[in-house]
Structure formats: C-alpha cells, structure tokens
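All remarks here apply to the structure that follows.
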Amino acid sequence: MTQPAPTPEHAPAESIEEAHQASETAEHTEAGEGSSGGGESTGTVILAGAVNLAIAAAKFAGGLISHSSAMLSEAAHSVADTITEVLLFVALKRGDREPDERHPFGYGRETYFWAFLASLATFALGAGFSIWQGVDTILHAKSEGSPLVSYIVLAVAFVLEATSLRKAIKQVRDSAKRYRTTPQRYLAVTTDTTVKAITFEDSAALVGLVLAALGLLLEQLTGSPVWDGVSAILIGLLLIVVAGVLAKANASLLIGQAASPVLDRQLREEIQALDLVVDVPFLLTSVIGPGQLVVAAKVDFEDSASAGDIERVADEAEQRLVERHEGVRYVFLDPTSGHTARVQAQRLPAAEG
C-alpha cells in the first residue's frame, strides 16, 4: 500500500497493440490526471463564476425592461450557473484535503458529492424557472417592451460566455493532447468533473443565448409572444439535458466507479509479468477522487515462492504500477491460490446479478 506523490505521465506499454494505443491512452484519464490540474480547474471555476454573476445581473435588467420570458429564463440560467460554480469551488477545496485517520483514502470522492449538488441546482433553479416562465408566457401572453436592451445584453453575454468557454476548452485540449486523445474522448472519460461541468454549462449557455435571441426576433417579427415562451421552454429542456448528463457522471464516480476494462487489463498484465507470479485471477479498481485510483488484486504465486519472495514481488508490483500508471495511489495484493481466487471471482458477478 502506498500514497505516492503524483507521478509523470507515460506512454502505453509497447506490448499493447498499436491499433488501440490512442484509445487506451485516453482510458488512463479515468484514473485521473494527477493533482497537477487542480490549480487550473480552480482558475477555470473562478472565472466562470465571476462571468456568470455579471451576466445574470445584466439579463435580469434586460428581461425586466423587455418583459421577455426568454431573457428572464436566461437570467435564471446564469444564477444557476453561478451557484454551480460556487459548489464546484467548494468541491475542489473539500476534495483536495489530505487523508486522515477517519478517511485513509482521502476526501477525493467528496468532490463528486458537491458536483452532484451543482447539477441539481442547474436542474431545479435553471430548468424549473425557465419552463415555468415559458408556460406562463404562452398561457398569459403579454406585450413585449423594447427588445433593443435585450439584444445588447445577449450580445455582451455571448462574448463573456465565449471567453469563459474558451478557457475551459483550452484546458480540455491541453489535457487531451497530453494523453494523445481527442477532446471529446477526454471529456467522456475524465474524472475531473469540474472542468466537464464548466465546459458543458458554458456550451449550453451559448446555445441558450442563441435561443433567447431567436425568441425575441420571432416575437418582434410576428407580434406573437408565444415564440418568447417557446424559447424559454427550450432553454429549460436544454438545462435538463445538461443537468442529467452531469448528475449521472457524478453519481457513478461518487458510488465508486471502476477504471476502464482497458486499464484493468493493463494493470493485470503488469502484475502477471512479475517474477514468480503464476496468475492474477481477481483484480478490482475504484476511482477514489479526481486523479486517484486504488488497485486490489488476488495473486497466485509459484509454490516455491517464500514469504520473503512474495514481499519483494509485492513491493515491486506497487512501485511498477505507481510509476507506469499515473493516477494509481494505492496498491493492495493478496497472495492466494489460483483456484480459491477464481471461485471468488465467479461468485462476485453472480451476487451482483
């Protein structure tokens, strides 16, 4: 068992077939990037929060002047995003605490708890208010005020949101390049849910701004406020989708998500390649926080292996996994007979079923 400092990245082992190298390297991000990205994520969260707070105030002013439900929905969207950034900031700070006696694996999973609450804020406040505003506008049509202020606010908000999104995308691209994968693949497998949340929410914010502008324009052209209401409802539905995706990702990591099958196979092969190891019939992995992975395995050693031999091989296995697989923080090996371990491995899926 070990708790090492973050280790350098490494390329996939040459024994892995070349055709799968890019995707397998991407799967390493499920074990996390290591703690080096924490400061960058914090900066991204702070910038996004400040931008959303300023945008929310401007949208409320524009919505009250123009009597636009789409603008008020966008204001609620920005308020929800601001609350989200606050919760994500708390997540980064709370999850980065050192392990203690009561929490020997650290507080990494607390990051996902606060990030999950952030997704609920997006759903309840942003989506709920937007849909309510849209339905109310359609049922009780009200004449719109001057849309000029709203157009100006939307244009300024678009520039600010684009600036925030640009920083998030830069972080995603840099990390994807580091792991030799695509930004889309990185977002799909990364355990850094803060940068994932900001990227998704800022993208949704830009789409929401376009929807609000279309609603205003169609109402201006047709004279019917129904378009404004429809726009607000579409913004609400968009937020529901974003909240659902983020909630699902955080819930899986909070419960204790395993590493990818590809990474599991690589870890198993690393252990099997060690001296005196006959087989690794049972191996478990679990993400315990952003950039943190625990590995536990039952190992069948040769009958001639002494207690000293087993201890030496176990230390070598720990050192090898930590050095070659960034994100591995703890390694537990249990010497056992191959038959016993295989029986336990067969029982586990049956019990889960």
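How things are named: the first chain in the structure tokens is A, the next is B, and so on; residues count from 1 in each chain; ligands count from 1 in the order shown.
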If you count only C-alpha atoms, which residues fall within 12 Å of Asp174 in chain A, apart from same-chain ones fewer than 3 positions away, as a list of chain:residue names?
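These residues fall inside the cut-off: A:Glu33, A:Gly37, A:Glu40, A:Lys167, A:Ala168, A:Ile169, A:Lys170, A:Gln171, A:Lys177, A:Arg178, A:Tyr179, A:Arg180, A:Thr181, A:Thr182, A:Pro183, A:Tyr186, A:Leu187.
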Which parts of range 240-291 of chain A does DSSP call strand (DSSP E or B) when run on the backbone here, written out as a list in words?
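Restricting range 240-291 of chain A to strand (DSSP E or B) produces Val277, Val278, Asp279, Val280, Pro281, Phe282, Leu283, Leu284, Thr285, Ser286, Val287, Ile288 and Gly289 of chain A.
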Writer output for current selection, C-alpha atoms, as an mmCIF file, in the first residue's frame:
```
data_model
loop_
_atom_site.group_PDB
_atom_site.id
_atom_site.type_symbol
_atom_site.label_atom_id
_atom_site.label_comp_id
_atom_site.auth_asym_id
_atom_site.auth_seq_id
_atom_site.Cartn_x
_atom_site.Cartn_y
_atom_site.Cartn_z
ATOM 1 C CA VAL A 277 3.585 -14.711 -10.443
ATOM 2 C CA VAL A 278 1.507 -17.511 -11.993
ATOM 3 C CA ASP A 279 -1.790 -15.706 -12.458
ATOM 4 C CA VAL A 280 -3.920 -12.746 -11.369
ATOM 5 C CA PRO A 281 -7.384 -14.326 -11.267
ATOM 6 C CA PHE A 282 -9.082 -11.445 -9.479
ATOM 7 C CA LEU A 283 -8.473 -7.678 -9.795
ATOM 8 C CA LEU A 284 -10.547 -4.704 -8.660
ATOM 9 C CA THR A 285 -10.071 -0.986 -9.289
ATOM 10 C CA SER A 286 -12.001 2.002 -7.982
ATOM 11 C CA VAL A 287 -11.763 5.747 -8.551
ATOM 12 C CA ILE A 288 -11.419 7.451 -5.167
ATOM 13 C CA GLY A 289 -11.211 11.019 -6.440
#
```
Nearest residue to Leu217 in chain A from the set A:Val242, A:Ala70, A:Leu139, A:Ala197 (distances using only C-alpha atoms)
A:Ala70
Between A:Ser66, A:Gln184, A:Thr191, A:Asn52, which residue has the minimum interatomic distance to Ser150 in chain A, considering only C-alpha atoms?
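That would be A:Ser66, the residue with the smallest distance to Ser150 in chain A.
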Two-atom distance - CA of Leu267 in chain A, CA of Pro104 in chain A (Å):
22.7 Å
Which residues are near Val331 in chain A? Cut-off 12 Å, only C-alpha atoms, ignore same chain within fewer than 6 positions. Put them as a ChimeraX atom specification.
/A:1-4,105,267,271,283-286,292-298,314-323,325
Could you dump the residues just selected with C-alpha atoms as a short mmCIF file (atom, residue, chain, number, x, y, z; two decimals), in the first residue's frame?
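So again_30.cif came out as:
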```cif
data_model
loop_
_atom_site.label_atom_id
_atom_site.label_comp_id
_atom_site.auth_asym_id
_atom_site.auth_seq_id
_atom_site.Cartn_x
_atom_site.Cartn_y
_atom_site.Cartn_z
CA MET A 1 0.00 0.00 0.00
CA THR A 2 1.29 3.43 -0.87
CA GLN A 3 0.35 7.05 -1.14
CA PRO A 4 2.90 8.49 -3.57
CA PHE A 105 -8.17 7.19 1.24
CA LEU A 267 -2.76 -3.44 -14.68
CA ILE A 271 1.33 -7.82 -12.30
CA LEU A 283 -8.47 -7.68 -9.79
CA LEU A 284 -10.55 -4.70 -8.66
CA THR A 285 -10.07 -0.99 -9.29
CA SER A 286 -12.00 2.00 -7.98
CA GLN A 292 -6.81 8.91 -7.76
CA LEU A 293 -7.22 5.17 -8.20
CA VAL A 294 -6.98 2.22 -5.82
CA VAL A 295 -5.96 -1.23 -7.11
CA ALA A 296 -6.60 -4.51 -5.29
CA ALA A 297 -5.76 -7.96 -6.64
CA LYS A 298 -5.53 -11.59 -5.62
CA ALA A 314 4.55 -7.17 -3.92
CA ASP A 315 6.81 -4.15 -3.36
CA GLU A 316 7.95 -4.32 -6.99
CA ALA A 317 4.34 -4.52 -8.21
CA GLU A 318 3.41 -1.47 -6.18
CA GLN A 319 6.36 0.53 -7.48
CA ARG A 320 5.75 -0.50 -11.09
CA LEU A 321 2.03 0.34 -11.11
CA VAL A 322 2.57 3.71 -9.45
CA GLU A 323 5.39 4.70 -11.80
CA HIS A 325 0.15 4.38 -14.45
#
```
Residues of range 76-115 of chain A that have any atom at most 8 Å from an atom of range 248-264 of chain A: could you tabulate them with the shortest-distance atom pair and the distance in Å to one decimal, using only C-alpha atoms, ordered by chain and increasing number, as CSV?
```
residue,atom,partner,partner_atom,distance
A:Arg109,CA,A:Leu254,CA,5.7
A:Glu110,CA,A:Leu254,CA,7.6
A:Tyr112,CA,A:Asn250,CA,5.2
A:Phe113,CA,A:Leu254,CA,6.5
A:Ala115,CA,A:Asn250,CA,6.6
```
Keeping N, CA and C atoms for every residue in the selection just given, could you write it to a file as a PDB file, in the first residue's frame?
```pdb
ATOM      1  N   ARG A 109     -13.593  11.702  -3.150  1.00  0.00           N
ATOM      2  CA  ARG A 109     -14.970  11.471  -3.599  1.00  0.00           C
ATOM      3  C   ARG A 109     -15.926  12.574  -3.154  1.00  0.00           C
ATOM      4  N   GLU A 110     -15.527  13.373  -2.160  1.00  0.00           N
ATOM      5  CA  GLU A 110     -16.394  14.485  -1.757  1.00  0.00           C
ATOM      6  C   GLU A 110     -16.532  15.492  -2.896  1.00  0.00           C
ATOM      7  N   TYR A 112     -17.158  14.784  -5.902  1.00  0.00           N
ATOM      8  CA  TYR A 112     -18.304  14.366  -6.704  1.00  0.00           C
ATOM      9  C   TYR A 112     -19.631  14.639  -6.002  1.00  0.00           C
ATOM     10  N   PHE A 113     -19.624  14.658  -4.670  1.00  0.00           N
ATOM     11  CA  PHE A 113     -20.843  14.985  -3.923  1.00  0.00           C
ATOM     12  C   PHE A 113     -21.256  16.432  -4.207  1.00  0.00           C
ATOM     13  N   ALA A 115     -20.247  18.316  -6.681  1.00  0.00           N
ATOM     14  CA  ALA A 115     -20.528  18.460  -8.110  1.00  0.00           C
ATOM     15  C   ALA A 115     -21.920  17.927  -8.447  1.00  0.00           C
TER      16      ALA A 115
END
```
Find, counting only C-alpha atoms, the residue in A:Leu221, A:Ala273, A:Ala50, A:Ala141 that gets nearest to Ile83 in chain A.
A:Ala50
Spatial neighbours of range 230-234 of chain A, 8 Å, only C-alpha atoms, chain gap at least 6 places, as a list in words:
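Using only C-alpha atoms, the neighbours found are Ser69, Ala70, Met71, Ser73, Glu74, Ser130, Ile131, Trp132, Gln133, Gly134, Val135, Ile138, Leu211, Ala212, Leu214 and Gly215 of chain A.
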Tell me which of A:Leu218, A:Ile198, A:Ala121, A:Leu64 sits closest to Gly49 in chain A, counting only C-alpha atoms.
A:Ile198
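Of the residues listed (A:Trp114, A:Asp334, A:Leu160, A:Leu274), A:Leu160 shows the shortest atom-to-atom separation from Ala58 in chain A; distances use only C-alpha atoms.
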